[in-house]
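Text of the file run09.pdb, holding PDB, C-alpha atoms and all ligand atoms:
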ATOM      1  CA  MET B  12     -47.556  -4.067  49.265  1.00  0.00           C
ATOM      2  CA  ALA B  13     -44.913  -3.647  51.923  1.00  0.00           C
ATOM      3  CA  GLU B  14     -42.537  -6.564  52.350  1.00  0.00           C
ATOM      4  CA  VAL B  15     -42.282  -8.102  55.815  1.00  0.00           C
ATOM      5  CA  SER B  16     -39.118  -7.517  57.861  1.00  0.00           C
ATOM      6  CA  GLY B  17     -36.381 -10.140  58.084  1.00  0.00           C
ATOM      7  CA  PRO B  18     -32.698 -10.797  57.346  1.00  0.00           C
ATOM      8  CA  LYS B  19     -33.116 -10.340  53.586  1.00  0.00           C
ATOM      9  CA  TRP B  20     -33.389  -6.600  54.283  1.00  0.00           C
ATOM     10  CA  CYS B  21     -29.883  -6.572  55.717  1.00  0.00           C
ATOM     11  CA  GLU B  22     -28.286  -7.013  52.287  1.00  0.00           C
ATOM     12  CA  ARG B  23     -30.085  -4.014  50.820  1.00  0.00           C
ATOM     13  CA  PHE B  24     -28.696  -0.480  51.182  1.00  0.00           C
ATOM     14  CA  PRO B  25     -25.185  -1.861  51.819  1.00  0.00           C
ATOM     15  CA  GLY B  26     -22.680   0.142  53.817  1.00  0.00           C
ATOM     16  CA  SER B  27     -19.063   0.839  52.911  1.00  0.00           C
ATOM     17  CA  LYS B  28     -15.905  -0.523  54.518  1.00  0.00           C
ATOM     18  CA  SER B  29     -13.645   1.884  52.661  1.00  0.00           C
ATOM     19  CA  PRO B  30     -12.070   4.944  54.285  1.00  0.00           C
ATOM     20  CA  ASP B  31     -12.519   6.590  50.864  1.00  0.00           C
ATOM     21  CA  ALA B  32     -16.224   6.899  51.707  1.00  0.00           C
ATOM     22  CA  LEU B  33     -15.441   9.215  54.658  1.00  0.00           C
ATOM     23  CA  LEU B  34     -15.197  13.021  54.693  1.00  0.00           C
ATOM     24  CA  PRO B  35     -11.673  13.973  53.557  1.00  0.00           C
ATOM     25  CA  ASP B  36     -10.678  15.619  56.832  1.00  0.00           C
ATOM     26  CA  PHE B  37     -11.735  12.679  59.000  1.00  0.00           C
ATOM     27  CA  ARG B  38     -10.328  10.186  56.488  1.00  0.00           C
ATOM     28  CA  GLY B  39      -6.918  11.843  56.709  1.00  0.00           C
ATOM     29  CA  ARG B  40      -6.884  11.740  60.507  1.00  0.00           C
ATOM     30  CA  LEU B  41      -8.092   8.143  60.571  1.00  0.00           C
ATOM     31  CA  LEU B  42      -5.521   6.918  58.048  1.00  0.00           C
ATOM     32  CA  ALA B  43      -2.732   8.613  60.014  1.00  0.00           C
ATOM     33  CA  PHE B  44      -3.930   6.919  63.221  1.00  0.00           C
ATOM     34  CA  ILE B  45      -4.216   3.514  61.538  1.00  0.00           C
ATOM     35  CA  SER B  46      -0.797   3.925  59.984  1.00  0.00           C
ATOM     36  CA  ALA B  47       0.727   4.754  63.381  1.00  0.00           C
ATOM     37  CA  MET B  48      -0.864   1.660  64.944  1.00  0.00           C
ATOM     38  CA  GLU B  49       0.234  -0.597  62.101  1.00  0.00           C
ATOM     39  CA  ARG B  50       3.807   0.685  62.234  1.00  0.00           C
ATOM     40  CA  GLY B  51       3.779  -0.299  65.889  1.00  0.00           C
ATOM     41  CA  GLY B  52       2.721  -3.829  64.996  1.00  0.00           C
ATOM     42  CA  ALA B  53      -1.020  -3.653  65.628  1.00  0.00           C
ATOM     43  CA  GLY B  54      -3.499  -5.357  63.330  1.00  0.00           C
ATOM     44  CA  VAL B  55      -6.335  -3.069  62.240  1.00  0.00           C
ATOM     45  CA  VAL B  56      -9.377  -4.162  60.248  1.00  0.00           C
ATOM     46  CA  VAL B  57     -11.932  -1.544  59.204  1.00  0.00           C
ATOM     47  CA  THR B  58     -15.378  -3.144  59.193  1.00  0.00           C
ATOM     48  CA  ALA B  59     -17.643  -0.142  58.465  1.00  0.00           C
ATOM     49  CA  THR B  60     -17.378   3.484  57.374  1.00  0.00           C
ATOM     50  CA  TYR B  61     -20.236   5.130  55.481  1.00  0.00           C
ATOM     51  CA  ARG B  62     -23.749   3.878  56.224  1.00  0.00           C
ATOM     52  CA  PRO B  63     -26.718   4.948  54.077  1.00  0.00           C
ATOM     53  CA  PRO B  64     -29.593   6.438  56.139  1.00  0.00           C
ATOM     54  CA  GLU B  65     -31.834   3.578  55.006  1.00  0.00           C
ATOM     55  CA  ARG B  66     -29.433   1.066  56.532  1.00  0.00           C
ATOM     56  CA  ALA B  67     -29.257   3.079  59.781  1.00  0.00           C
ATOM     57  CA  TYR B  68     -33.073   3.069  59.845  1.00  0.00           C
ATOM     58  CA  LEU B  69     -33.211  -0.732  59.497  1.00  0.00           C
ATOM     59  CA  MET B  70     -30.494  -1.258  62.122  1.00  0.00           C
ATOM     60  CA  HIS B  71     -32.062   1.148  64.612  1.00  0.00           C
ATOM     61  CA  TRP B  72     -35.593  -0.202  64.456  1.00  0.00           C
ATOM     62  CA  CYS B  73     -34.835  -3.912  64.328  1.00  0.00           C
ATOM     63  CA  TRP B  74     -32.831  -3.441  67.552  1.00  0.00           C
ATOM     64  CA  ARG B  75     -35.613  -1.420  69.176  1.00  0.00           C
ATOM     65  CA  ILE B  76     -38.242  -4.021  68.297  1.00  0.00           C
ATOM     66  CA  ALA B  77     -36.086  -7.009  69.269  1.00  0.00           C
ATOM     67  CA  ASN B  78     -34.495  -5.555  72.423  1.00  0.00           C
ATOM     68  CA  GLY B  79     -36.192  -2.297  73.305  1.00  0.00           C
ATOM     69  CA  GLY B  80     -39.811  -3.331  73.660  1.00  0.00           C
ATOM     70  CA  CYS B  81     -40.830  -1.050  70.782  1.00  0.00           C
ATOM     71  CA  ASN B  82     -44.247  -1.805  69.332  1.00  0.00           C
ATOM     72  CA  PRO B  83     -43.674  -2.675  65.633  1.00  0.00           C
ATOM     73  CA  GLY B  84     -46.770  -0.731  64.689  1.00  0.00           C
ATOM     74  CA  ASP B  85     -45.273   2.472  66.128  1.00  0.00           C
ATOM     75  CA  VAL B  86     -42.230   2.529  63.826  1.00  0.00           C
ATOM     76  CA  GLN B  87     -42.253   5.466  61.433  1.00  0.00           C
ATOM     77  CA  GLN B  88     -42.084   4.741  57.722  1.00  0.00           C
ATOM     78  CA  MET B  89     -39.110   5.785  55.627  1.00  0.00           C
ATOM     79  CA  ALA B  90     -39.055   6.683  51.950  1.00  0.00           C
ATOM     80  CA  LYS B  91     -37.542   3.954  49.725  1.00  0.00           C
ATOM     81  CA  VAL B  92     -37.854   1.359  52.543  1.00  0.00           C
ATOM     82  CA  ASP B  93     -41.189  -0.372  51.959  1.00  0.00           C
ATOM     83  CA  ILE B  94     -40.942  -2.658  54.978  1.00  0.00           C
ATOM     84  CA  ASP B  95     -43.737  -4.130  57.093  1.00  0.00           C
ATOM     85  CA  TRP B  96     -42.330  -4.294  60.635  1.00  0.00           C
ATOM     86  CA  THR B  97     -45.648  -5.643  61.989  1.00  0.00           C
ATOM     87  CA  HIS B  98     -45.889  -8.861  59.912  1.00  0.00           C
ATOM     88  CA  ARG B  99     -49.530  -7.991  59.260  1.00  0.00           C
ATOM     89  CA  GLY B 100     -50.078  -7.694  63.007  1.00  0.00           C
ATOM     90  CA  ASP B 101     -48.401 -10.942  64.130  1.00  0.00           C
ATOM     91  CA  GLY B 102     -46.410  -9.617  67.096  1.00  0.00           C
ATOM     92  CA  ALA B 103     -44.428 -12.809  67.768  1.00  0.00           C
ATOM     93  CA  ALA B 104     -43.393 -13.100  64.109  1.00  0.00           C
ATOM     94  CA  ALA B 105     -42.504  -9.403  64.043  1.00  0.00           C
ATOM     95  CA  ARG B 106     -40.197  -9.683  67.064  1.00  0.00           C
ATOM     96  CA  ALA B 107     -38.596 -12.906  65.780  1.00  0.00           C
ATOM     97  CA  ALA B 108     -37.906 -11.296  62.388  1.00  0.00           C
ATOM     98  CA  ALA B 109     -36.435  -8.205  64.049  1.00  0.00           C
ATOM     99  CA  GLY B 110     -34.219 -10.461  66.195  1.00  0.00           C
ATOM    100  CA  ALA B 111     -33.023 -12.279  63.076  1.00  0.00           C
ATOM    101  CA  MET B 112     -32.092  -8.903  61.566  1.00  0.00           C
ATOM    102  CA  VAL B 113     -30.111  -7.990  64.705  1.00  0.00           C
ATOM    103  CA  GLN B 114     -28.191 -11.254  64.218  1.00  0.00           C
ATOM    104  CA  ALA B 115     -27.661 -10.690  60.497  1.00  0.00           C
ATOM    105  CA  PHE B 116     -26.397  -7.130  61.102  1.00  0.00           C
ATOM    106  CA  ASP B 117     -24.232  -8.550  63.926  1.00  0.00           C
ATOM    107  CA  LEU B 118     -25.356  -5.776  66.279  1.00  0.00           C
ATOM    108  CA  ASN B 119     -24.041  -5.603  69.840  1.00  0.00           C
ATOM    109  CA  TYR B 120     -24.953  -2.025  70.631  1.00  0.00           C
ATOM    110  CA  ALA B 121     -28.110   0.018  70.009  1.00  0.00           C
ATOM    111  CA  PRO B 122     -27.499   1.726  66.649  1.00  0.00           C
ATOM    112  CA  ALA B 123     -28.297   5.426  66.400  1.00  0.00           C
ATOM    113  CA  LEU B 124     -30.937   6.455  63.889  1.00  0.00           C
ATOM    114  CA  ASP B 125     -28.905   9.530  62.968  1.00  0.00           C
ATOM    115  CA  SER B 126     -25.476   7.921  63.174  1.00  0.00           C
ATOM    116  CA  ASN B 127     -22.168   9.625  62.445  1.00  0.00           C
ATOM    117  CA  HIS B 128     -21.702   6.772  59.955  1.00  0.00           C
ATOM    118  CA  CYS B 129     -24.458   8.388  57.860  1.00  0.00           C
ATOM    119  CA  HIS B 130     -22.498  11.659  57.924  1.00  0.00           C
ATOM    120  CA  ARG B 131     -19.234   9.941  56.821  1.00  0.00           C
ATOM    121  CA  ARG B 132     -17.648  10.837  60.172  1.00  0.00           C
ATOM    122  CA  ALA B 133     -17.419   7.437  61.894  1.00  0.00           C
ATOM    123  CA  VAL B 134     -15.607   4.150  61.540  1.00  0.00           C
ATOM    124  CA  ASP B 135     -15.917   0.695  63.039  1.00  0.00           C
ATOM    125  CA  MET B 136     -12.603  -1.124  63.301  1.00  0.00           C
ATOM    126  CA  THR B 137     -11.145  -4.138  65.065  1.00  0.00           C
ATOM    127  CA  ILE B 138      -7.727  -3.504  66.610  1.00  0.00           C
ATOM    128  CA  GLY B 139      -5.345  -5.936  68.292  1.00  0.00           C
ATOM    129  CA  TRP B 140      -1.678  -6.448  69.162  1.00  0.00           C
ATOM    130  CA  HIS B 141       0.650  -8.634  71.189  1.00  0.00           C
ATOM    131  CA  ASP B 142       2.739  -7.597  74.196  1.00  0.00           C
ATOM    132  CA  THR B 143       3.601  -3.878  74.007  1.00  0.00           C
ATOM    133  CA  LEU B 144       2.303  -1.516  71.344  1.00  0.00           C
ATOM    134  CA  SER B 145       4.811   1.238  70.613  1.00  0.00           C
ATOM    135  CA  VAL B 146       3.075   3.987  68.730  1.00  0.00           C
ATOM    136  CA  LEU B 147       3.844   7.580  67.743  1.00  0.00           C
ATOM    137  CA  ASP B 148       0.980   9.919  68.533  1.00  0.00           C
ATOM    138  CA  PHE B 149       0.075  12.931  66.378  1.00  0.00           C
ATOM    139  CA  GLU B 150       2.608  15.096  68.226  1.00  0.00           C
ATOM    140  CA  ALA B 151       5.256  12.468  67.441  1.00  0.00           C
ATOM    141  CA  ARG B 152       5.555  11.402  71.084  1.00  0.00           C
ATOM    142  CA  GLU B 153       6.312   7.737  71.399  1.00  0.00           C
ATOM    143  CA  ARG B 154       3.899   5.822  73.588  1.00  0.00           C
ATOM    144  CA  HIS B 155       4.559   2.324  74.844  1.00  0.00           C
ATOM    145  CA  ILE B 156       1.245   0.723  75.649  1.00  0.00           C
ATOM    146  CA  LYS B 157       1.754  -2.199  77.993  1.00  0.00           C
ATOM    147  CA  SER B 158      -1.708  -2.122  79.551  1.00  0.00           C
ATOM    148  CA  THR B 159      -4.641  -4.333  78.707  1.00  0.00           C
ATOM    149  CA  PRO B 160      -6.963  -5.010  77.015  1.00  0.00           C
ATOM    150  CA  ARG B 161      -4.903  -5.144  73.840  1.00  0.00           C
ATOM    151  CA  ASP B 162      -7.705  -3.865  71.672  1.00  0.00           C
ATOM    152  CA  GLY B 163      -9.614  -0.727  70.718  1.00  0.00           C
ATOM    153  CA  SER B 164     -11.007  -0.279  74.226  1.00  0.00           C
ATOM    154  CA  ASN B 165      -7.521   0.255  75.715  1.00  0.00           C
ATOM    155  CA  ARG B 166      -7.535   3.591  77.565  1.00  0.00           C
ATOM    156  CA  GLU B 167      -4.030   4.577  76.482  1.00  0.00           C
ATOM    157  CA  LEU B 168      -4.804   3.801  72.849  1.00  0.00           C
ATOM    158  CA  ILE B 169      -7.965   5.906  73.117  1.00  0.00           C
ATOM    159  CA  GLN B 170      -5.754   8.813  74.302  1.00  0.00           C
ATOM    160  CA  VAL B 171      -3.464   8.304  71.305  1.00  0.00           C
ATOM    161  CA  GLY B 172      -6.465   8.291  68.941  1.00  0.00           C
ATOM    162  CA  ALA B 173      -7.622  11.593  70.430  1.00  0.00           C
ATOM    163  CA  THR B 174      -4.329  13.259  69.435  1.00  0.00           C
ATOM    164  CA  PHE B 175      -5.225  12.420  65.832  1.00  0.00           C
ATOM    165  CA  GLY B 176      -8.789  13.710  66.278  1.00  0.00           C
ATOM    166  CA  VAL B 177     -10.206  10.186  66.205  1.00  0.00           C
ATOM    167  CA  PHE B 178     -12.402   9.727  69.281  1.00  0.00           C
ATOM    168  CA  LYS B 179     -13.769   6.570  70.890  1.00  0.00           C
ATOM    169  CA  LEU B 180     -17.423   6.043  71.722  1.00  0.00           C
ATOM    170  CA  ALA B 181     -17.434   4.302  75.102  1.00  0.00           C
ATOM    171  CA  GLY B 182     -19.495   1.136  75.226  1.00  0.00           C
ATOM    172  CA  ASP B 183     -19.514   0.509  71.455  1.00  0.00           C
ATOM    173  CA  PRO B 184     -16.328  -1.556  71.048  1.00  0.00           C
ATOM    174  CA  PRO B 185     -15.435  -0.979  67.364  1.00  0.00           C
ATOM    175  CA  HIS B 186     -16.792   2.577  66.989  1.00  0.00           C
ATOM    176  CA  TRP B 187     -14.674   5.751  66.624  1.00  0.00           C
ATOM    177  CA  SER B 188     -15.609   9.104  65.116  1.00  0.00           C
ATOM    178  CA  ASP B 189     -14.573  12.742  64.794  1.00  0.00           C
ATOM    179  CA  ASP B 190     -16.509  13.741  67.931  1.00  0.00           C
ATOM    180  CA  GLY B 191     -16.825  10.537  69.951  1.00  0.00           C
ATOM    181  CA  HIS B 192     -20.468   9.911  69.000  1.00  0.00           C
TER     182      HIS B 192
HETATM  183 ZN    ZN J   1     -20.041   2.447  64.445  1.00  0.00          ZN
END
How would this structure read if it were set down as structure tokens?
Amino acid sequence: MAEVSGPKWCERFPGSKSPDALLPDFRGRLLAFISAMERGGAGVVVTATYRPPERAYLMHWCWRIANGGCNPGDVQQMAKVDIDWTHRGDGAAARAAAGAMVQAFDLNYAPALDSNHCHRRAVDMTIGWHDTLSVLDFEARERHIKSTPRDGSNRELIQVGATFGVFKLAGDPPHWSDDGH
């Protein structure tokens, strides 16, 4: 029998935090970008790289049920994920369990069902620095970033990332990929 949804599902189908799990081409560009930021004094912490499709499925649908008004009974089934989103038809329990999964996944942005993470072409990373970040872009031009915020949403830093072929997804603070999605 299918097992009801809830935070215990969030530990199954774990994702990777290692750049080694990414496609070689994107991994090379990402490591060069991270190295350039770190040489300039930024702190960079990679929090997610590869995501199994089963994990993307759980993340996508718990968000949709908790925040998107999706009817739990309308969620498609997925092979290898024997989950009961409906809690045997108890709508309040189903939405509460989906909300607890959103918390456990620490989601702040609607996760795509077919995410670039599943294709080893995306990374989530937390970036920060103090004062001015001096960084060499891919063309070896030195950039002095004095603007704020001093994090991954900084517009000048996003331009530097693009020179490496690492593109920001607007609105999803930690997320970068090889095409900006
Ligand atoms: Zn992401």
Would you list the contacts of Tyr68 in chain B as a PyMOL selection string, taking every protein, DNA or RNA residue within 8 Å and counting all atoms listed in the file, but skipping same-chain residues closer than 4 positions in sequence? chain B and resi 64+72+89+124
Quick one: axis-aligned box around all listed atoms of range 121-138 of chain B, 6 Å on every side, centre and edge lengths in Å to one decimal, written as lines of an AutoDock Vina configuration file.
center_x = -19.3
center_y = 3.8
center_z = 63.4
size_x = 35.2
size_y = 27.8
size_z = 25.2
Could you report the residues within 7 Å of ligand ZN 1 (chain J), using only C-alpha atoms and all ligand atoms, as a ChimeraX atom specification? /B:59,128,133-135,185-187
Name the residues that the PyMOL selection byres (((chain B and resi 65) around 8) and not hetatm) pulls out of this structure, and write them as an MDAnalysis selection string. chainID B and resid 24 63:64 66:69 89 91:92
Of the candidates B:Ala43, B:Tyr61, B:Ser29, B:Asp93, which shows the shortest atom-to-atom distance to Glu150 in chain B, using only C-alpha atoms? B:Ala43
Selection result for the PyMOL selection byres (((chain B and resi 116-121) around 8) and not hetatm) on this file, as a compact mmCIF listing (two decimals) with C-alpha atoms, keeping the file's coordinate frame:
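Written output follows (expr.txt):
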# COMPACT_ATOMS: atom_id res chain seq x y z
CA CYS B 21 -29.88 -6.57 55.72
CA MET B 70 -30.49 -1.26 62.12
CA HIS B 71 -32.06 1.15 64.61
CA TRP B 74 -32.83 -3.44 67.55
CA ARG B 75 -35.61 -1.42 69.18
CA MET B 112 -32.09 -8.90 61.57
CA VAL B 113 -30.11 -7.99 64.70
CA GLN B 114 -28.19 -11.25 64.22
CA ALA B 115 -27.66 -10.69 60.50
CA PRO B 122 -27.50 1.73 66.65
CA ALA B 123 -28.30 5.43 66.40
CA GLY B 182 -19.50 1.14 75.23
CA ASP B 183 -19.51 0.51 71.46
May I ask for the distance between CA of Met48 in chain B and CA of Gly172 in chain B, given in Å to one decimal place?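 These two atoms are separated by 9.6 Å.
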For a test of reading the model, state the distance in Å between CA of Ile138 in chain B and CA of Ser158 in chain B, rounded to one decimal. 14.3 Å
Excluding Met12 in chain B and residues on its chain fewer than 3 positions from it, collect all residues at most 12 Å away from it, counting only C-alpha atoms, and give them as JSON, numbers by chain. {"B": [15, 92, 93, 94, 95, 98, 99]}
Quick one, how far is CA of Arg40 in chain B from CA of Asp142 in chain B?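 Distance between the two atoms: 25.6 Å.
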Just the residues within 8 Å of Ser164 in chain B, please, counting only C-alpha atoms, with nothing from its chain fewer than 4 positions along; format it as a list in words.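 After dropping sequence-adjacent residues, the list is Pro160, Leu168, Ile169, Ala181 and Pro184 of chain B.
When you apply the PyMOL selection byres (((chain B and resi 103-107) around 9) and not hetatm) to this structure, what comes back is Val15, Ser16, Gly17, Cys73, Ile76, Ala77, Asn78, Pro83, Asp95, Trp96, Thr97, His98, Arg99, Gly100, Asp101, Gly102, Ala108, Ala109, Gly110, Ala111 and Met112 of chain B.
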Those selected residues, please, written with C-alpha atoms and delivered as a PDB file, keeping the file's coordinate frame.
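The resulting file, out11.pdb, is reproduced below:
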ATOM      1  CA  VAL B  15     -42.282  -8.102  55.815  1.00  0.00           C
ATOM      2  CA  SER B  16     -39.118  -7.517  57.861  1.00  0.00           C
ATOM      3  CA  GLY B  17     -36.381 -10.140  58.084  1.00  0.00           C
ATOM      4  CA  CYS B  73     -34.835  -3.912  64.328  1.00  0.00           C
ATOM      5  CA  ILE B  76     -38.242  -4.021  68.297  1.00  0.00           C
ATOM      6  CA  ALA B  77     -36.086  -7.009  69.269  1.00  0.00           C
ATOM      7  CA  ASN B  78     -34.495  -5.555  72.423  1.00  0.00           C
ATOM      8  CA  PRO B  83     -43.674  -2.675  65.633  1.00  0.00           C
ATOM      9  CA  ASP B  95     -43.737  -4.130  57.093  1.00  0.00           C
ATOM     10  CA  TRP B  96     -42.330  -4.294  60.635  1.00  0.00           C
ATOM     11  CA  THR B  97     -45.648  -5.643  61.989  1.00  0.00           C
ATOM     12  CA  HIS B  98     -45.889  -8.861  59.912  1.00  0.00           C
ATOM     13  CA  ARG B  99     -49.530  -7.991  59.260  1.00  0.00           C
ATOM     14  CA  GLY B 100     -50.078  -7.694  63.007  1.00  0.00           C
ATOM     15  CA  ASP B 101     -48.401 -10.942  64.130  1.00  0.00           C
ATOM     16  CA  GLY B 102     -46.410  -9.617  67.096  1.00  0.00           C
ATOM     17  CA  ALA B 108     -37.906 -11.296  62.388  1.00  0.00           C
ATOM     18  CA  ALA B 109     -36.435  -8.205  64.049  1.00  0.00           C
ATOM     19  CA  GLY B 110     -34.219 -10.461  66.195  1.00  0.00           C
ATOM     20  CA  ALA B 111     -33.023 -12.279  63.076  1.00  0.00           C
ATOM     21  CA  MET B 112     -32.092  -8.903  61.566  1.00  0.00           C
TER      22      MET B 112
END
Would you kindly return, as a PyMOL selection string, each protein, DNA or RNA residue with an atom no farther than 12 Å from any atom of Thr60 in chain B, considering all atoms listed in the file and excluding same-chain residues fewer than 5 positions away? chain B and resi 25-34+37-38+41+126-136+185-188
For Thr143 in chain B, find every residue with an atom within 8 Å (counting all atoms listed in the file), except residues of its own chain fewer than 3 positions away, and show them as a list in words. Trp140, His155, Ile156, Lys157 and Ser158 of chain B
